[in-house]
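Chemist: The structure under discussion is supplied below as structure tokens; questions concerning it will follow.
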4 protein chains.
Amino acid sequence: MVCSIEISEKPQLNNPILIEGLPGIGFVANIAALHLITELKAKKFAEIVSSSFQDFAVLTETGSARSPINELYYVKREGGCRDLIIWYGNTQALTTPGQYELCGKVLDIVQEFGCRFVVSIGGYKKDEVKGLPSLYCAATDLTTLKESLDLGTKIMAGHIFGIAGILIGLSKLRGVRGFALLADTMGMYPDVNATKQVLKALGKYLNLQVDVSTVDAAADQTKKMLESFGLIRNIQEEKKKEEQQLRWFI
Amino acid sequence: MVCSIEISEKPQLNNPILIEGLPGIGFVANIAALHLITELKAKKFAEIVSSSFQDFAVLTETGSARSPINELYYVKREGGCRDLIIWYGNTQALTTPGQYELCGKVLDIVQEFGCRFVVSIGGYKKDEVKGLPSLYCAATDLTTLKESLDLGTKIMAGHIFGIAGILIGLSKLRGVRGFALLADTMGMYPDVNATKQVLKALGKYLNLQVDVSTVDAAADQTKKMLESFGLIRNIQEEKKKEEQQLRWFI
Amino acid sequence: MVCSIEISEKPQLNNPILIEGLPGIGFVANIAALHLITELKAKKFAEIVSSSFQDFAVLTETGSARSPINELYYVKREGGCRDLIIWYGNTQALTTPGQYELCGKVLDIVQEFGCRFVVSIGGYKKDEVKGLPSLYCAATDLTTLKESLDLGTKIMAGHIFGIAGILIGLSKLRGVRGFALLADTMGMYPDVNATKQVLKALGKYLNLQVDVSTVDAAADQTKKMLESFGLIRNIQEEKKKEEQQLRWFI
Amino acid sequence: MVCSIEISEKPQLNNPILIEGLPGIGFVANIAALHLITELKAKKFAEIVSSSFQDFAVLTETGSARSPINELYYVKREGGCRDLIIWYGNTQALTTPGQYELCGKVLDIVQEFGCRFVVSIGGYKKDEVKGLPSLYCAATDLTTLKESLDLGTKIMAGHIFGIAGILIGLSKLRGVRGFALLADTMGMYPDVNATKQVLKALGKYLNLQVDVSTVDAAADQTKKMLESFGLIRNIQEEKKKEEQQLRWFI
């Protein structure tokens with residue numbers, strides 16, 4: 001397993017917070033990250049390709065090649081606010097070891113830039129979502145848990161699959177604090193409503209002025225990306241995932 | 001494949017014995033290890049996360065995240081008794097190469113702390129267990145075998161799957177001595193009776209005063225952990241495992 | 001995953017262009033590369049064996065063993081023309097991580113020899129091909145795209161699977177420019193017509209005098225190689241490949 | 001993927017020849033190697049455990065643990081004869097990358113001890129074997145091929161699967177010469193007759209006086225090992241293997 005990393009700039013960052021925004025349930029994290037990148041004029045400083053990404057390139061209508069990739073952006077902020085690092089991409093890794101290594105590499109990079117706090121975003125899959133999507137949280141420690149509950153979230157019970165879950169686990173192991181922020185979603189399309197709720201809570205936590213009225217643009221762009229990658233919504237796959245168990249020999 | 005290791009303390013240990021206690025058949029090793037950690041007030045000094053663990057985090061009722069992890073604890077003892085290292089965790093690795101690397105890493109660590117003797121614990125699956133569960137052993141060498149037979153065990157015939165088996169094999173290769181201690185169990189629930197028998201024999205070997213009357217507490221805690229991980233008892237899986245063969249081209 | 005590399009000669013090359021020619025759809029790249037190696041009297045300077053190749057040897061009628069292998073050849077040219085590196089082989093890697101590592105290793109090697117431009121060749125699978133096969137392109141950047149469109153190609157839309165796609169993706173990440181050149185093919189046999197179209201466009205781009213009338217010899221040799229490896233045309237497999245998706249948790 | 005290697009002795013060897021003897025079709029190589037080890041009083045100098053071996057230990061009737069392992073033995077010879085290295089074991093690696101790495105590691109070791117020539121042994125599976133089993137060969141080069149044909153072998157056509165095939169391929173890449181020696185076998189049991197033919201040819205090549213009348217003892221020991229590992233003869237698996245193809249995108 002190999003991660004190729006290209007760091008194009010080494011920004012000086014003020015106690016930055018990492019926000020994870022890879023494609024996941026309802027594409028909540030992915031849309032939120034893209035919206036923040038656009039709104040906050042975040043600047044790309046690192047690209048990561050893992051050997052556990054897909055082995056193909058996708059061609060856009062303009063003939064340029066688009067490959068499975070992860071990217072890191074930074075946002076410098078004024079008035080003593082903590083800076084941000086946004087982890088964006090068009091895929092997670094295909095295998096479990098690939099997921100761990102990708103997450104470990106990103107933590108290596110952001111810790112080098114002084115990051116000691118992470119927020120992972122996700123969708124919390126429900127069969128039905130009525131009214132405003134609820135928010136849920138989980139945290140590396142009790143202090144952080146309290147902070148995230150103060151954003152109007154409930155305590156989540158169950159599993160957080162994929163990078164969002166690994167990020168919290170590996171961060172804890174490294175003494176990096178953080179929380180996961182999840183919104184109710186049916187999870188089968190890029191979910192604007194769930195993303196708005198997440199962005200509101202995140203804005204409150206980060207003391208950010210985020211215009212959520214324009215989230216639809218980020219959702220549209222995400223949809224186009226999905227189409228270019230020929231996505232078939234595979235609900236079966238997620239079901240299988242839910243059934244995955246720890247390896248016990250009973 | 002990557003193992004992230006965090007060593008939080010470097011204790012001076014007196015000729016320590018490693019006791020393996022990962023989840024396995026009947027959870028005998030897992031309960032026994034947890035009981036010893038509690039009873040002997042063992043102190044955690046190392047955490048290990050492997051990229052071949054599960055890629056999710058589990059959320060507890062209190063909102064804190066619990067990830068697949070392995071841990072090493074130490075127990076310092078008085079009166080010239082050999083110290084102990086207890087290998088505890090909530091999972092084994094998901095793949096065979098992952099199992100070997102995890103076991104190799106743990107041996108690397110404990111050998112650094114002077115360990116030259118290992119005990120792996122396990123359940124020996126039976127369709128029916130009547131009366132007191134019997135104990136079985138297997139050893140890296142004849143001297144050690146004799147010592148373990150003196151504990152009232154019988155010679156085991158057959159396979160020891162998973163970490164318990166690999167640990168004996170890799171130890172032998174490294175010139176580390178040790179034995180496996182297994183108890184009859186139906187293997188389908190955290191088995192208190194089997195664990196008690198193992199702990200009695202282990203206590204005899206280690207010259208430990210272990211109160212086995214309180215093993216139920218450790219079994220309960222193990223049960224809760226299982227529930228939080230959403231365990232479905234998968235007897236099929238073990239059957240498949242039994243059918244796994246060496247790779248011969250016949 | 002391990003790549004064994006043997007570099008038998010270190011040629012001084014003038015700003016060389018890498019031409020990828022591994023077996024793929026319609027064997028277009030494979031035949032084209034073999035034809036160029038023969039016509040231009042290319043000289044082998046590197047051999048690569050990956051641990052993700054097949055684990056067998058194939059025996060030829062003459063009793064010599066032929067193993068899965070990749071090779072690099074160079075062509076030195078006169079009159080200030082850029083030199084060429086041709087990447088030839090009898091297989092791609094069996095796994096996605098293997099593909100990435102193989103491609104990364106080859107890029108490592110050719111970048112060491114001063115290569116900053118790559119051309120990957122491929123077939124574009126169609127159910128039916130009438131008249132002259134059309135050519136398609138995709139590029140790492142707009143300047144290169146324009147250059148490849150000037151060769152009479154159309155912009156390709158969709159996926160480029162395997163090494164041809166990864167090469168464009170990884171090159172872009174490393175700041176290496178290049179384009180993919182694909183020809184319509186039904187893809188089920190070594191396709192001479194598609195290869196001729198590709199070679200004509202490539203010859204134009206590289207300012208090469210290539211005699212395409214003798215491409216049949218390279219196609220025959222490729223066919224024989226297929227037969228010695230006992231190839232069964234597996235159209236199912238490619239279908240499965242087309243259905244492969246990015247890993248999203250929806 | 002990790003190989004743990006323990007080298008217990010560093011013998012001075014005279015231009016040694018490596019003889020591969022892992023379990024394979026008809027167990028021809030395995031029995032032959034065991035017989036040579038016994039007859040020639042070969043001395044073990046290295047043990048290898050790969051993380052792509054099986055993750056279990058097997059317990060013998062005497063309570064000692066037997067793990068999946070590979071071993072290297074040496075034989076020093078008099079009268080200017082070339083020394084021998086015998087590669088023995090109870091398994092091959094479970095995965096293709098594991099096979100390559102194991103084979104590469106063994107070549108690393110034996111090349112360190114001056115080995116520049118290898119012989120891989122195997123069975124050539126037939127539906128029926130009448131009379132004396134025929135011998136077949138394949139070689140890294142024409143000179144070696146001629147030498148092996150002089151032993152009364154025929155040229156083999158087709159595939160050599162597993163370590164026997166990889167060894168010839170990787171050796172060729174490293175400039176190490178050698179040949180594969182295969183005997184007709186139905187492949188479904190430890191085949192004494194096939195092994196005898198191989199040993200006679202090998203004895204001729206190596207100028208060895210091998211008593212083949214006692215091969216049955218080695219075959220019996222191999223049978224017992226099979227039984228202790230609980231072998232189920234899996235003819236299906238080999239069939240699947242035969243259908244494995246190079247990875248081409250057609």
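The way I read the labels, and the way they are meant: chains A, B, ... in the order of the structure tokens, residue 1 as the first residue of every chain, and ligand 1 as the first ligand shown, with later ones counted on from there.
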I'd like the neighbourhood of stretch 150-161 of chain C as a ChimeraX atom specification, where a residue qualifies if any of its atoms comes within 7 Å (using only C-alpha atoms), though same-chain residues fewer than 6 positions away should be ignored.
Modeler: /A:55-63 /C:135-138,201
Chemist: Return as a tab-separated table the residues of chain A lying at most 7 Å from chain C, together with the closest atom-to-atom pair for each and the distance in Å to one decimal, counting only C-alpha atoms, with rows in chain order and ascending residue number.
Modeler:
```
residue	atom	partner	partner_atom	distance
A:Met1	CA	C:Pro97	CA	6.2
A:Pro23	CA	C:Trp248	CA	5.6
A:Gly24	CA	C:Phe249	CA	4.2
A:Ile25	CA	C:Ile250	CA	3.9
A:Gly26	CA	C:Ile250	CA	5.5
A:Ser51	CA	C:Pro97	CA	4.4
A:Ser52	CA	C:Pro97	CA	5.3
A:Gln54	CA	C:Leu246	CA	6.6
A:Asp55	CA	C:Gly162	CA	5.5
A:Phe56	CA	C:Phe161	CA	4.3
A:Ala57	CA	C:Gly165	CA	4.6
A:Val58	CA	C:His159	CA	4.5
A:Leu59	CA	C:Ala157	CA	5.1
A:Thr60	CA	C:Ala157	CA	5.9
A:Glu61	CA	C:Ala157	CA	5.9
A:Thr62	CA	C:Ile155	CA	7.0
A:Gly63	CA	C:Ala138	CA	4.8
A:Ser64	CA	C:Ala139	CA	5.1
A:Ala65	CA	C:Ala139	CA	5.9
A:Arg66	CA	C:Gly169	CA	7.0
A:Ser67	CA	C:Gly169	CA	5.3
A:Thr91	CA	C:Arg247	CA	6.0
A:Gln92	CA	C:Arg247	CA	5.9
A:Ala93	CA	C:Arg247	CA	6.9
A:Leu94	CA	C:Arg247	CA	6.0
A:Gly187	CA	C:Ile250	CA	5.1
A:Met188	CA	C:Ile250	CA	5.7
A:Leu231	CA	C:Gln245	CA	6.2
A:Ile235	CA	C:Ile250	CA	6.7
A:Glu238	CA	C:Phe249	CA	6.3
```
Chemist: DSSP on the backbone, helix (DSSP H, G or I) only: what residues of stretch 129-243 of chain D does that give? Format it as JSON, numbers by chain.
Modeler: {"D": [142, 143, 144, 145, 146, 147, 148, 149, 162, 163, 164, 165, 166, 167, 168, 169, 170, 171, 172, 173, 192, 193, 194, 195, 196, 197, 198, 199, 200, 201, 202, 203, 204, 205, 206, 212, 213, 214, 215, 216, 217, 218, 219, 220, 221, 222, 223, 224, 225, 226, 227, 228, 235, 236, 237, 238, 239, 240, 241, 242, 243]}
Chemist: Using DSSP on the backbone, list every residue of stretch 47-158 of chain B that comes out as strand (DSSP E or B), and give them as a PyMOL selection string.
Modeler: chain B and resi 47-50+56-59+64-66+70-75+84-89+117-125+135-139+154-155+158
Chemist: Can I get the selected residues back with C-alpha atoms, as a PDB file, in the first residue's frame?
Modeler:
```pdb
ATOM      1  CA  GLU B  47      -1.798   0.930  22.546  1.00  0.00           C
ATOM      2  CA  ILE B  48      -1.770  -0.656  19.086  1.00  0.00           C
ATOM      3  CA  VAL B  49      -4.026   0.017  16.109  1.00  0.00           C
ATOM      4  CA  SER B  50      -3.554  -2.078  12.997  1.00  0.00           C
ATOM      5  CA  PHE B  56     -15.352   1.980  11.944  1.00  0.00           C
ATOM      6  CA  ALA B  57     -15.761   3.541  15.365  1.00  0.00           C
ATOM      7  CA  VAL B  58     -18.350   2.402  17.858  1.00  0.00           C
ATOM      8  CA  LEU B  59     -20.218   4.947  19.911  1.00  0.00           C
ATOM      9  CA  SER B  64     -17.459   8.675  23.502  1.00  0.00           C
ATOM     10  CA  ALA B  65     -15.980   6.814  20.563  1.00  0.00           C
ATOM     11  CA  ARG B  66     -14.562   3.330  20.978  1.00  0.00           C
ATOM     12  CA  ASN B  70      -5.202  -3.693  21.244  1.00  0.00           C
ATOM     13  CA  GLU B  71      -3.519  -2.742  24.504  1.00  0.00           C
ATOM     14  CA  LEU B  72      -0.602  -3.916  26.622  1.00  0.00           C
ATOM     15  CA  TYR B  73      -0.716  -3.745  30.424  1.00  0.00           C
ATOM     16  CA  TYR B  74       1.961  -4.563  32.949  1.00  0.00           C
ATOM     17  CA  VAL B  75       1.826  -5.928  36.489  1.00  0.00           C
ATOM     18  CA  LEU B  84       3.377  -9.884  33.836  1.00  0.00           C
ATOM     19  CA  ILE B  85       2.439  -8.252  30.545  1.00  0.00           C
ATOM     20  CA  ILE B  86      -1.213  -8.636  29.571  1.00  0.00           C
ATOM     21  CA  TRP B  87      -2.226  -8.306  25.930  1.00  0.00           C
ATOM     22  CA  TYR B  88      -5.843  -7.167  25.869  1.00  0.00           C
ATOM     23  CA  GLY B  89      -8.067  -5.872  23.077  1.00  0.00           C
ATOM     24  CA  PHE B 117       7.976 -16.484  27.847  1.00  0.00           C
ATOM     25  CA  VAL B 118       4.408 -16.332  26.544  1.00  0.00           C
ATOM     26  CA  VAL B 119       1.085 -17.885  27.493  1.00  0.00           C
ATOM     27  CA  SER B 120      -1.716 -17.836  24.942  1.00  0.00           C
ATOM     28  CA  ILE B 121      -5.229 -18.575  26.149  1.00  0.00           C
ATOM     29  CA  GLY B 122      -8.136 -19.970  24.176  1.00  0.00           C
ATOM     30  CA  GLY B 123     -11.320 -21.954  24.102  1.00  0.00           C
ATOM     31  CA  TYR B 124     -11.422 -25.466  22.695  1.00  0.00           C
ATOM     32  CA  LYS B 125     -14.772 -25.724  20.960  1.00  0.00           C
ATOM     33  CA  LEU B 135      -8.009 -28.007  30.123  1.00  0.00           C
ATOM     34  CA  TYR B 136      -5.639 -28.639  27.214  1.00  0.00           C
ATOM     35  CA  CYS B 137      -2.168 -27.470  26.408  1.00  0.00           C
ATOM     36  CA  ALA B 138       0.401 -27.216  23.651  1.00  0.00           C
ATOM     37  CA  ALA B 139       3.912 -25.884  24.020  1.00  0.00           C
ATOM     38  CA  LYS B 154      -4.182 -32.771  28.687  1.00  0.00           C
ATOM     39  CA  ILE B 155      -2.255 -32.653  25.446  1.00  0.00           C
ATOM     40  CA  GLY B 158      -5.692 -30.354  16.292  1.00  0.00           C
TER      41      GLY B 158
END
```
